[in-house]
Structure formats: C-alpha cells, structure tokens
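Engineer: Structure file query_7.txt (compact mmCIF, C-alpha atoms and all ligand atoms) right here:
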```
# COMPACT_ATOMS: atom_id res chain seq x y z
CA MET A 70 -9.13 -11.07 -44.14
CA HIS A 71 -5.64 -9.96 -43.26
CA ARG A 72 -6.95 -6.92 -41.41
CA LEU A 73 -9.38 -9.05 -39.45
CA ALA A 74 -6.65 -11.47 -38.49
CA LEU A 75 -4.43 -8.59 -37.39
CA ARG A 76 -7.15 -7.16 -35.18
CA ARG A 77 -7.81 -10.58 -33.67
CA SER A 78 -4.19 -11.14 -32.83
CA LEU A 79 -3.75 -7.70 -31.31
CA HIS A 80 -6.79 -8.25 -29.15
CA SER A 81 -5.54 -11.55 -27.83
CA CYS A 82 -4.41 -9.70 -24.71
CA GLU A 83 -7.98 -8.79 -23.83
CA PRO A 84 -9.00 -10.39 -20.58
CA ARG A 85 -11.50 -13.16 -21.04
CA GLU A 86 -13.11 -13.42 -17.66
CA LEU A 87 -13.08 -9.91 -16.26
CA ALA A 88 -16.24 -8.10 -17.17
CA SER A 89 -15.51 -5.07 -15.00
CA THR A 90 -11.80 -4.70 -15.64
CA ARG A 91 -12.33 -5.23 -19.35
CA ARG A 92 -13.75 -1.73 -19.50
CA ASP A 93 -10.56 -0.31 -18.06
CA HIS A 94 -8.10 -2.52 -19.84
CA VAL A 95 -6.27 -0.69 -22.60
CA CYS A 96 -4.32 -3.08 -24.74
CA ALA A 97 -1.95 -2.25 -27.56
CA ALA A 98 -4.61 -2.43 -30.25
CA THR A 99 -7.07 0.04 -28.78
CA SER A 100 -5.33 3.26 -29.65
CA SER A 101 -4.21 2.12 -33.10
CA ASP A 102 -7.77 1.07 -34.00
CA THR A 103 -8.85 4.70 -34.21
CA PRO A 104 -9.67 5.44 -37.87
CA ASN A 105 -6.57 7.03 -39.34
CA PRO A 106 -6.65 6.78 -43.13
CA GLY A 107 -3.24 6.52 -44.77
CA ALA A 108 -2.11 5.86 -48.38
CA PHE A 109 -4.75 4.18 -50.59
CA GLY A 110 -7.26 4.47 -47.74
CA ILE A 111 -5.47 1.78 -45.72
CA PRO A 112 -5.30 2.74 -42.06
CA ALA A 113 -1.81 4.05 -41.29
CA ALA A 114 -1.91 2.08 -38.09
CA MET A 115 -1.44 -1.11 -40.10
CA PHE A 116 2.05 0.06 -41.04
CA ASP A 117 3.00 1.37 -37.59
CA PRO A 118 5.43 -0.78 -35.68
CA PRO A 119 3.40 -2.93 -33.29
CA VAL A 120 3.37 -1.72 -29.72
CA THR A 121 4.72 -4.61 -27.72
CA THR A 122 4.27 -5.23 -24.04
CA PRO A 123 6.95 -7.17 -22.22
CA GLU A 124 6.35 -10.88 -22.06
CA LEU A 125 4.26 -11.82 -19.06
CA LEU A 126 6.10 -13.73 -16.35
CA HIS A 127 4.40 -17.12 -16.17
CA PRO A 128 2.81 -17.82 -12.77
CA ARG A 129 4.62 -21.17 -12.70
CA GLU A 130 7.90 -19.28 -12.80
CA VAL A 131 6.76 -17.08 -9.89
CA ALA A 132 5.91 -20.17 -7.84
CA ASP A 133 9.27 -21.76 -8.70
CA ARG A 134 11.12 -18.69 -7.47
CA VAL A 135 9.07 -18.42 -4.28
CA ILE A 136 9.64 -22.06 -3.48
CA ALA A 137 13.35 -21.53 -4.06
CA GLY A 138 13.24 -18.89 -1.31
CA ASP A 139 12.26 -15.58 -2.87
CA ASP A 140 8.98 -14.52 -1.22
CA GLY A 141 9.06 -11.32 -3.29
CA ALA A 142 9.33 -13.03 -6.66
CA LEU A 143 6.21 -11.34 -8.02
CA ASP A 144 6.82 -7.69 -8.90
CA GLN A 145 4.10 -5.05 -8.81
CA LYS A 146 3.86 -4.62 -12.59
CA THR A 147 3.36 -8.31 -13.21
CA LEU A 148 0.89 -8.52 -10.35
CA THR A 149 -1.09 -5.66 -11.86
CA ARG A 150 -1.18 -7.46 -15.19
CA TYR A 151 -2.43 -10.66 -13.56
CA LEU A 152 -5.10 -8.68 -11.75
CA ALA A 153 -6.07 -6.93 -14.99
CA GLY A 154 -6.85 -10.27 -16.58
CA GLU A 155 -3.60 -11.15 -18.33
CA GLY A 156 -2.44 -14.72 -18.04
CA ASP A 157 -4.60 -17.78 -17.95
CA LEU A 158 -6.70 -18.11 -14.79
CA GLY A 159 -6.01 -21.85 -14.65
CA ASP A 160 -2.25 -21.21 -14.70
CA LEU A 161 -2.56 -18.61 -11.95
CA MET A 162 -4.59 -20.93 -9.78
CA ALA A 163 -2.28 -23.90 -10.34
CA ALA A 164 0.71 -21.84 -9.20
CA ALA A 165 -1.17 -20.33 -6.26
CA ASP A 166 -2.44 -23.72 -5.13
CA ARG A 167 1.08 -25.11 -5.25
CA LEU A 168 2.24 -22.31 -2.94
CA ARG A 169 -0.69 -22.85 -0.58
CA ARG A 170 0.02 -26.56 -0.31
CA SER A 171 3.74 -26.08 0.13
CA ARG A 172 3.13 -23.72 3.05
CA PHE A 173 -0.08 -25.00 4.61
CA GLY A 174 -0.48 -28.58 3.40
CA ASN A 175 -4.09 -29.63 3.88
CA LYS A 176 -4.66 -27.34 6.88
CA VAL A 177 -7.03 -24.41 6.82
CA HIS A 178 -7.53 -21.73 9.39
CA LEU A 179 -11.09 -21.00 10.48
CA CYS A 180 -11.96 -17.93 12.48
CA SER A 181 -15.11 -16.17 13.63
CA ILE A 182 -16.08 -12.69 14.67
CA VAL A 183 -18.54 -11.18 17.09
CA ASN A 184 -19.96 -7.70 16.85
CA ALA A 185 -18.97 -6.39 20.27
CA LYS A 186 -20.25 -2.86 19.61
CA ARG A 187 -22.75 -2.49 16.84
CA GLY A 188 -23.51 0.61 14.78
CA GLY A 189 -23.15 4.34 15.38
CA CYS A 190 -19.57 4.59 14.13
CA PRO A 191 -18.42 8.18 13.49
CA GLU A 192 -16.25 7.15 10.49
CA ASP A 193 -17.56 7.28 6.92
CA CYS A 194 -16.20 4.11 5.25
CA GLY A 195 -18.35 4.00 2.13
CA PHE A 196 -19.08 0.26 2.26
CA CYS A 197 -20.09 0.09 5.92
CA SER A 198 -23.61 -0.33 7.23
CA GLN A 199 -22.46 0.63 10.73
CA SER A 200 -21.37 4.16 9.89
CA LYS A 201 -23.63 6.84 11.25
CA HIS A 202 -23.05 8.79 8.04
CA PHE A 203 -25.41 6.42 6.24
CA SER A 204 -29.02 5.55 6.72
CA THR A 205 -29.10 1.76 7.02
CA GLU A 206 -31.09 -0.79 8.96
CA VAL A 207 -28.37 -1.15 11.60
CA GLU A 208 -29.42 0.32 14.94
CA PRO A 209 -26.62 1.33 17.33
CA GLU A 210 -26.26 -0.86 20.40
CA LYS A 211 -24.18 -0.84 23.59
CA PHE A 212 -21.03 -2.91 24.13
CA LEU A 213 -21.71 -6.60 24.40
CA PRO A 214 -21.20 -7.80 27.98
CA ALA A 215 -18.25 -10.12 28.68
CA HIS A 216 -20.44 -13.18 29.31
CA GLU A 217 -21.97 -12.85 25.83
CA ILE A 218 -18.52 -12.55 24.31
CA GLU A 219 -17.46 -15.67 26.15
CA ALA A 220 -20.56 -17.46 24.84
CA ALA A 221 -19.59 -16.34 21.33
CA SER A 222 -16.13 -17.88 21.74
CA HIS A 223 -17.71 -21.16 22.83
CA LYS A 224 -19.96 -21.11 19.78
CA ALA A 225 -17.04 -20.22 17.49
CA ALA A 226 -14.99 -23.14 18.81
CA SER A 227 -17.93 -25.51 18.33
CA GLN A 228 -17.94 -24.39 14.69
CA GLY A 229 -14.28 -25.27 14.26
CA ALA A 230 -12.89 -21.73 14.62
CA THR A 231 -9.56 -21.29 16.39
CA ALA A 232 -9.96 -17.57 16.99
CA LEU A 233 -12.72 -15.16 17.84
CA GLY A 234 -12.34 -11.56 16.74
CA LEU A 235 -14.02 -8.92 18.90
CA VAL A 236 -15.09 -6.21 16.48
CA THR A 237 -16.34 -2.77 17.44
CA ALA A 238 -17.89 -0.09 15.27
CA THR A 239 -15.70 2.62 16.73
CA ARG A 240 -13.12 5.06 15.46
CA GLY A 241 -10.83 3.57 18.05
CA MET A 242 -10.11 3.57 21.76
CA LYS A 243 -7.54 4.92 24.16
CA ASP A 244 -5.93 3.60 27.27
CA GLY A 245 -8.09 4.36 30.30
CA SER A 246 -11.29 4.82 28.29
CA LYS A 247 -14.56 2.99 29.02
CA PRO A 248 -14.65 1.35 25.57
CA LEU A 249 -11.20 -0.14 26.12
CA GLU A 250 -12.22 -1.40 29.56
CA HIS A 251 -15.17 -3.21 27.97
CA ILE A 252 -12.92 -4.87 25.43
CA LEU A 253 -10.29 -5.81 28.00
CA GLU A 254 -12.99 -7.61 29.95
CA GLY A 255 -14.12 -9.39 26.82
CA VAL A 256 -10.56 -10.46 25.92
CA ARG A 257 -9.98 -11.78 29.45
CA ALA A 258 -13.27 -13.69 29.29
CA VAL A 259 -12.29 -15.35 25.99
CA ARG A 260 -8.87 -16.30 27.32
CA ALA A 261 -10.23 -17.61 30.61
CA ALA A 262 -12.74 -19.79 28.76
CA GLY A 263 -9.90 -21.21 26.65
CA HIS A 264 -11.97 -22.16 23.64
CA THR A 265 -10.30 -19.86 21.12
CA GLU A 266 -7.61 -17.25 20.74
CA ALA A 267 -8.76 -13.66 21.31
CA HIS A 268 -8.36 -11.29 18.38
CA ALA A 269 -9.80 -7.81 18.02
CA SER A 270 -10.66 -5.15 15.48
CA LEU A 271 -11.18 -1.87 17.29
CA GLY A 272 -10.04 0.93 15.00
CA PHE A 273 -7.18 3.08 16.24
CA VAL A 274 -5.74 2.01 19.58
CA ASP A 275 -2.91 3.90 21.25
CA ARG A 276 0.30 2.18 22.32
CA GLU A 277 -0.66 1.98 26.00
CA GLY A 278 -4.03 0.52 25.10
CA LEU A 279 -2.39 -2.11 22.92
CA VAL A 280 -0.01 -3.03 25.73
CA LYS A 281 -2.99 -3.60 28.05
CA LEU A 282 -4.79 -5.65 25.42
CA LYS A 283 -1.75 -7.84 24.98
CA GLU A 284 -1.42 -8.30 28.73
CA ALA A 285 -5.09 -9.30 28.85
CA GLY A 286 -4.39 -12.08 26.35
CA LEU A 287 -4.97 -10.54 22.93
CA THR A 288 -2.82 -12.34 20.36
CA GLU A 289 -3.73 -10.56 17.16
CA LEU A 290 -5.03 -7.18 16.02
CA ASN A 291 -7.06 -6.73 12.87
CA HIS A 292 -6.92 -3.38 11.14
CA ASN A 293 -7.75 -3.55 7.45
CA LEU A 294 -6.32 -1.16 4.90
CA GLU A 295 -9.39 -1.84 2.74
CA THR A 296 -7.82 -0.90 -0.62
CA GLY A 297 -4.79 0.61 -2.29
CA ARG A 298 -3.49 3.90 -0.91
CA SER A 299 -4.41 5.93 -4.00
CA PHE A 300 -8.01 4.71 -4.01
CA PHE A 301 -8.59 4.93 -0.25
CA PRO A 302 -9.72 8.61 -0.21
CA LYS A 303 -12.58 7.68 -2.54
CA ILE A 304 -13.89 5.31 0.12
CA VAL A 305 -13.01 6.98 3.44
CA THR A 306 -12.60 10.68 4.22
CA THR A 307 -12.69 10.82 8.03
CA HIS A 308 -9.23 9.32 8.55
CA THR A 309 -6.14 8.58 6.53
CA TYR A 310 -4.35 5.54 5.24
CA ASP A 311 -1.29 6.50 7.24
CA GLU A 312 -3.26 6.54 10.49
CA ARG A 313 -4.21 2.95 9.82
CA ILE A 314 -0.64 2.00 9.00
CA GLU A 315 0.62 3.59 12.24
CA THR A 316 -1.68 1.39 14.33
CA ILE A 317 -0.52 -1.72 12.47
CA LYS A 318 3.13 -0.82 12.96
CA THR A 319 2.66 -0.17 16.67
CA ALA A 320 0.91 -3.52 17.12
CA LYS A 321 3.80 -5.25 15.38
CA GLU A 322 6.37 -3.46 17.51
CA LEU A 323 4.57 -4.72 20.60
CA GLY A 324 4.69 -8.30 19.38
CA LEU A 325 1.05 -8.68 18.44
CA ARG A 326 0.28 -10.57 15.27
CA THR A 327 -1.44 -8.48 12.64
CA CYS A 328 -4.39 -9.27 10.42
CA VAL A 329 -4.71 -6.76 7.60
CA GLY A 330 -6.68 -7.06 4.42
CA GLY A 331 -9.14 -5.35 2.19
CA ILE A 332 -12.36 -5.27 0.26
CA PHE A 333 -12.58 -5.82 -3.48
CA GLY A 334 -15.25 -4.66 -5.86
CA MET A 335 -15.63 -1.10 -4.59
CA GLY A 336 -14.86 0.36 -8.00
CA GLU A 337 -11.09 0.09 -7.65
CA LYS A 338 -8.83 -0.79 -10.57
CA PRO A 339 -6.27 -3.59 -10.86
CA GLU A 340 -3.45 -1.20 -9.99
CA HIS A 341 -5.18 -0.29 -6.72
CA ARG A 342 -5.46 -3.96 -5.83
CA ALA A 343 -1.78 -4.44 -6.59
CA GLU A 344 -0.91 -1.42 -4.44
CA LEU A 345 -2.71 -3.02 -1.53
CA ALA A 346 -0.89 -6.33 -1.95
CA MET A 347 2.49 -4.61 -2.08
CA GLN A 348 1.68 -2.55 1.00
CA LEU A 349 0.77 -5.71 2.89
CA ARG A 350 3.99 -7.33 1.79
CA GLU A 351 5.97 -4.31 2.97
CA LEU A 352 4.22 -4.33 6.35
CA ASP A 353 4.86 -8.06 6.60
CA VAL A 354 1.47 -8.74 8.15
CA ASP A 355 0.58 -12.24 9.32
CA GLU A 356 -2.93 -12.72 8.03
CA VAL A 357 -4.76 -11.24 5.08
CA PRO A 358 -8.55 -11.29 5.04
CA LEU A 359 -9.97 -10.82 1.55
CA ASN A 360 -13.52 -9.47 1.45
CA PHE A 361 -15.67 -8.97 -1.62
CA LEU A 362 -18.11 -6.11 -1.41
CA VAL A 363 -21.62 -7.00 -0.35
CA SER A 364 -23.34 -3.72 -1.10
CA ILE A 365 -25.71 -2.62 1.63
CA ASP A 366 -28.73 -0.41 1.02
CA GLY A 367 -28.19 3.11 2.30
CA THR A 368 -24.38 3.08 2.08
CA LYS A 369 -22.34 5.06 -0.39
CA LEU A 370 -21.57 1.90 -2.38
CA GLU A 371 -25.14 0.55 -2.37
CA LYS A 372 -25.43 0.48 -6.16
CA ILE A 373 -22.27 -1.48 -6.92
CA GLU A 374 -22.77 -4.91 -8.46
CA PRO A 375 -20.84 -7.82 -6.95
CA LEU A 376 -17.70 -9.12 -8.62
CA GLY A 377 -18.07 -12.27 -10.69
CA PRO A 378 -16.69 -15.62 -9.50
CA GLN A 379 -13.79 -15.79 -11.95
CA GLU A 380 -12.63 -12.30 -11.08
CA ILE A 381 -12.73 -13.21 -7.39
CA LEU A 382 -10.64 -16.32 -8.03
CA ARG A 383 -8.15 -14.20 -9.96
CA VAL A 384 -7.82 -11.79 -7.02
CA ILE A 385 -7.26 -14.65 -4.57
CA ALA A 386 -4.67 -16.37 -6.76
CA SER A 387 -2.81 -13.14 -7.49
CA PHE A 388 -2.68 -12.28 -3.79
CA ARG A 389 -1.36 -15.74 -2.95
CA LEU A 390 1.45 -15.33 -5.47
CA ALA A 391 2.22 -11.87 -4.06
CA LEU A 392 1.94 -12.92 -0.41
CA PRO A 393 3.12 -16.51 -0.21
CA ARG A 394 3.81 -16.57 3.56
CA GLN A 395 0.57 -15.05 4.80
CA ASN A 396 -2.56 -16.83 5.88
CA ILE A 397 -4.96 -15.57 3.23
CA PHE A 398 -8.51 -16.14 4.34
CA ILE A 399 -11.75 -15.35 2.63
CA ALA A 400 -14.38 -13.47 4.55
CA ALA A 401 -17.36 -11.37 3.52
CA GLY A 402 -18.74 -11.80 0.04
CA ARG A 403 -17.38 -15.28 -0.53
CA THR A 404 -20.84 -16.45 -1.52
CA HIS A 405 -20.42 -14.32 -4.67
CA LEU A 406 -18.34 -17.31 -5.80
CA GLY A 407 -21.55 -19.30 -6.15
CA GLN A 408 -20.91 -22.84 -7.38
CA LEU A 409 -17.20 -22.04 -7.58
CA LEU A 410 -16.90 -21.50 -3.82
CA PRO A 411 -14.70 -24.57 -3.11
CA MET A 412 -12.27 -23.32 -5.77
CA MET A 413 -11.15 -20.51 -3.43
CA PHE A 414 -8.76 -23.03 -1.86
CA GLY A 415 -7.52 -24.09 -5.28
CA ALA A 416 -6.85 -20.38 -5.87
CA GLY A 417 -4.58 -20.26 -2.83
CA ALA A 418 -6.81 -19.35 0.12
CA SER A 419 -5.64 -20.97 3.34
CA GLY A 420 -8.59 -20.10 5.55
CA MET A 421 -12.09 -18.74 5.75
CA MET A 422 -14.33 -16.99 8.18
CA VAL A 423 -17.13 -19.19 9.50
CA GLY A 424 -20.37 -18.08 11.08
CA ASP A 425 -22.16 -14.83 10.46
CA PHE A 426 -20.48 -11.59 9.53
CA LEU A 427 -21.01 -8.34 11.44
CA THR A 428 -24.32 -7.32 9.93
CA THR A 429 -24.91 -9.88 7.20
CA PRO A 430 -25.43 -13.64 7.39
CA ASN A 431 -22.91 -16.17 6.08
CA ARG A 432 -23.88 -19.54 4.66
CA SER A 433 -24.35 -22.35 7.15
CA VAL A 434 -21.33 -23.50 9.12
CA GLN A 435 -22.27 -27.13 8.50
CA ASP A 436 -22.14 -26.54 4.75
CA ASP A 437 -18.68 -25.02 5.17
CA LEU A 438 -17.41 -27.91 7.29
CA ASP A 439 -18.86 -30.45 4.85
CA MET A 440 -17.13 -28.64 2.01
CA LEU A 441 -13.77 -28.94 3.81
CA THR A 442 -14.29 -32.65 4.43
CA GLN A 443 -15.13 -33.25 0.79
CA LEU A 444 -12.03 -31.30 -0.27
CA GLY A 445 -9.83 -33.32 2.09
CA LEU A 446 -8.95 -30.20 4.09
CA GLU A 447 -8.70 -30.00 7.88
CA GLY A 448 -9.26 -27.12 10.23
CA LEU A 449 -6.47 -26.21 12.65
CA HIS A 450 -7.19 -26.63 16.34
CA CYS A 451 -6.79 -23.91 18.95
CA GLY A 452 -3.25 -23.95 20.30
CA GLU A 453 -1.87 -25.90 17.33
CA GLN A 454 1.14 -24.19 15.87
CA ARG A 455 -0.07 -22.34 12.85
CA PRO A 456 2.05 -22.91 9.76
CA GLU A 457 2.00 -19.30 8.59
CA MET A 458 3.73 -18.27 11.80
CA LYS A 459 6.84 -20.21 10.89
CA ARG A 460 9.12 -17.66 9.33
CA THR A 461 11.42 -20.18 7.75
CA ARG A 462 11.69 -20.29 4.02
CA LEU A 463 9.30 -22.43 2.09
CA PRO A 464 10.54 -25.98 1.53
CA VAL A 465 11.94 -26.73 -1.89
CA LEU A 466 9.82 -29.37 -3.51
CA GLY A 467 11.63 -32.39 -4.83
S1 LIG B 1 -14.34 2.37 11.07
FE1 LIG B 1 -15.18 0.31 10.91
S2 LIG B 1 -17.22 0.37 11.81
FE2 LIG B 1 -16.56 2.48 11.44
S3 LIG B 1 -17.43 3.00 9.45
FE3 LIG B 1 -15.34 2.27 9.09
S4 LIG B 1 -15.56 0.05 8.72
FE4 LIG B 1 -17.49 0.79 9.65
```
Starting from the file, give its structure as structure tokens.
Ligand code: SF4

Structural biologist:
Amino acid sequence: MHRLALRRSLHSCEPRELASTRRDHVCAATSSDTPNPGAFGIPAAMFDPPVTTPELLHPREVADRVIAGDDGALDQKTLTRYLAGEGDLGDLMAAADRLRRSRFGNKVHLCSIVNAKRGGCPEDCGFCSQSKHFSTEVEPEKFLPAHEIEAASHKAASQGATALGLVTATRGMKDGSKPLEHILEGVRAVRAAGHTEAHASLGFVDREGLVKLKEAGLTELNHNLETGRSFFPKIVTTHTYDERIETIKTAKELGLRTCVGGIFGMGEKPEHRAELAMQLRELDVDEVPLNFLVSIDGTKLEKIEPLGPQEILRVIASFRLALPRQNIFIAAGRTHLGQLLPMMFGAGASGMMVGDFLTTPNRSVQDDLDMLTQLGLEGLHCGEQRPEMKRTRLPVLG
C-alpha cells in the first residue's frame, strides 16, 4: 500500500491533458522506478532522497507581475513547464484571460489573407503544400492581378477583417524585380480601395524592397519563424532561422509593424515552443499568429496527427502569459479545437483569422461572427487604434 501511494504521489506531476507531450515528459519518478533491488528486496529507490523540482510559479502570480508592469514576468523554464503540462489548465487560462482583458478588453482583431501567388515555391518547409519539393494537389499559378486583390480586400472587410495579408509562395523578392512590382501594385490597390490595411507575407525582402512597400502603403510584414530555433532545421533546410530574423529586424528598423508566429504540432517538444515564444519576445514583434498543423497529403509532415483541443488551449494560454503585449491571433488549424473553439479567447487569444486559408478552407465566417456576438466580443474596425499598438504599460487593476 505504502509503495503504491508513493508511486502515485511521485507521478502527480504527470500532465493530465497532453497525450503527445506525456511521452516526452520525464518526471522525478521515472528514473527511480527502474527495478533496483536493495536490502530485503525493497527497491533502493524507496530510500533515495526524493528528487525535487522547484515549485512551479503559479500563473496567477505571473499575471499579477505582468499587470504590475513586468511584461517579462514569465521565465523560459517556467514557460517550458507550463507547455509540458505542469500546472492546471484552468489556472493557466484564467491568468491568460485576465491579461487579454486587461490589454484588449472585449475587442478582437480579425484579419484575412489572399493567396497572391500560389504554389511552386522553391523552399522546402515540411508542412507546406505550396512547396515544389512535395507532390501535393496545389498547382502553381501566376500572380493575382491587382483588381482581384482589391476585390479580396472588399470581401475581407465585409467579413469584419481590418487587414488583408497578401501572401506569396516565394522565397522572397528584391527591389526592382517583377514579383515585387506585382505586389506593390496589389498593396496600392488595397490602400486606394480603403477597405482594409495592407499586410504582406512575401518571404525574404531586401531593405530597398521593404522601403518601396512601405511607401506604397504596407503597414505590416508577416514573416513567421514557424518553431523554435533548435527544431527549425528539422522542418526547413533551404534557408536558415537567422535569414528570417534578419528580414524581421529590417522591417522593424524601417517602421513596419511585424507579424511573426509559428506552427504547433509538427513534432516539436515543449522546450522548442518555449524557445519560439522567447525569441518573439526578444524581437518585440507586434502580432503573433498561432497555427496548428493541418497535415496535407504529400508533404513531409503528412502523417502527423493534429494536436488535441486541451493541448492547443495550453499553448495559447502559455503564449499569452509569455507575450502579454502582443496581439495573439489564431489562424490555421483552429478547428482542431472542435467544441472548445470559443475557449481560445478564454485562453488569451485576442484575434483570429477569418475566411479561407491559403490552400485549405476555414469554417464559415458567419459562424465565426456569431460566435463573437455570443461571447460578447467585438471586432475592431479598420482605422481604429489597435490596443496592442499602445506601448504603455498594462493598467493595474483595482
Ligand atoms: S517559404 Fe512559404 S510558401 Fe514557400 S515552402 Fe515555405 S511556407 Fe511554403
């Protein structure tokens, strides 16, 4: 009886909701459970001093410190432990929701994207159906003409989105190149129409190209880091993490806002997720899109099963606690949340992508807008000052 009780108590640190991370989680009991007969046949491990892990910082305490002005209250070790399944999910979400409400109130940011150049990308990102390294159903197409991009911005605005992101399946583009000229036309068309802000995700863009994009009316550049630095080479081999970071830094220097996030569920571990969050904090990006892998037939990651809803909520809440200032919005794969979808806001998300993704459909926009109404949340309007852009400290709650 005593031995059973001991085992139970040692295993109390095992994550309850994380099926995938459970495999990787090594808690104090695991190593000492190896048969190791001691005196009288009693396992020696029972007499070893217990291996103790430091007490876990309660998420409420993290939120208290952030609200008192310390945006970096959550350290990487604690974040990794949250992501690995330690700490109660309800506690994490309560703290994350408090931070979301203190920064964003009942406002949510809605954005849309348009595939301005589909397929045929020379890069080999393992999750991507548009890479020419993989045999998928996506057929390469030419650049979308400006009038179709303008029509997409009109549609996006009618769906409540404040920004339209022009996305191209390209390694990047340089000043003076035809691809950049196409995008400049598209950005000007979106700005002239005035329905939404113009954002873009184009791969690597040189400084001169970024200057021209800004002059044309681009307000924000998306360039995702996808995952933690140490896991990135397992997903992409045709370019480096640092190349991505250089583009982000240049965009920031030029006064563009930056939208930088990642994809979860590619086989990465909690520490890789924490690495990504800390990198985003260091870069001080403005928006953080969180995607959850939708595995596409023919890609390198085609066999990976989607993350479960509770693990997704844990990622969102942990990222909110790590990145309290940023607009964290949920993009591809949010339907993996199933019936728990509305809880993404309770886990700290402050926005979502509406309308279809690049090569996969999203759920209906009307369902999304109805969900917001029922939750008492409101979309921001184009031109309205966005709360995450205020760099003042979070208010201290009374
Ligand atoms: S760079 Fe973009 S479009 Fe190209 S393979 Fe990677 S994710 Fe896909």

Engineer: Using all atoms listed in the file, which of the listed residues (A:Pro302, A:Gly241, A:Gly174, A:Gly188) sits closest to Gly420 of chain A?

Structural biologist: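 So, comparing all the options, the nearest one is A:Gly174.
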
Engineer: So which residues are near ligand LIG 1 (chain B), meaning at most 10 Å away with all atoms listed in the file counted, given back as JSON, numbers by chain?

Structural biologist: {"A": [184, 186, 187, 188, 189, 190, 191, 192, 193, 194, 195, 196, 197, 198, 199, 200, 201, 202, 203, 236, 237, 238, 239, 240, 241, 270, 271, 272, 273, 292, 293, 295, 304, 305, 307, 308, 427]}

Engineer: Using all atoms listed in the file, pick whichever of A:Ser299, A:Thr404, A:Gln228, A:Thr327 has the shortest atom-to-atom distance to Glu344 of chain A.

Structural biologist: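 Closest to Glu344 of chain A, using all atoms listed in the file: A:Ser299.
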
Engineer: Counting only C-alpha atoms, which residue out of A:Glu351, A:Thr296, A:Asn431, A:Thr368 sits closest to Gly141 of chain A?

Structural biologist: A:Glu351

Engineer: One decimal, Å: what's the distance from atom CA of Ala225 of chain A over to atom CA of Ser181 of chain A, could you say?

Structural biologist: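 Distance between the two atoms: 5.9 Å.
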
Engineer: Just the number, please: distance in Å from atom CA of His216 of chain A to atom CA of Thr231 of chain A, one decimal.

Structural biologist: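 It comes out at 18.7 Å.
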
Engineer: Taking into account all atoms listed in the file, which residue in the set A:Gly154, A:Arg134, A:Leu253, A:Thr429 is nearest to Lys338 of chain A?

Structural biologist: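 Closest residue, counting all atoms listed in the file: A:Gly154.
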
Engineer: Using all atoms listed in the file for the distances, tell me which of A:Ala418, A:Met412, A:Val135, A:Gly407 is nearest to Leu444 of chain A.

Structural biologist: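 So, comparing all the options, the nearest one is A:Met412.
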
Engineer: Env of Asp166 of chain A: 9 Å cut, atoms = only C-alpha atoms, seq-sep filter 3 positions within chain, self excluded. Answer as a list of chain:residue names.

Structural biologist: A:Leu161, A:Met162, A:Ala163, A:Arg169, A:Arg170, A:Ser171, A:Ala386, A:Arg389, A:Phe414, A:Gly415, A:Ala416, A:Gly417, A:Ala418

Engineer: Contacts of Arg298 of chain A at 10 Å or less, counting only C-alpha atoms, minus same-chain residues fewer than 3 places along, as a list of chain:residue names?

Structural biologist: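 Counting only the stated atoms, we get A:Leu294, A:Glu295, A:Phe301, A:Pro302, A:Lys303, A:Thr309, A:Tyr310, A:Asp311, A:His341, A:Arg342, A:Glu344, A:Leu345, A:Gln348.
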
Engineer: Contacts of Ala401 of chain A at 7 Å or less, counting all atoms listed in the file, minus same-chain residues fewer than 4 places along, as a ChimeraX atom specification?

Structural biologist: /A:360-361,426

Engineer: Just to confirm, what's the straight-line distance from atom CA of Asp366 of chain A to atom CA of Leu382 of chain A in Å (one decimal)?

Structural biologist: 25.7 Å
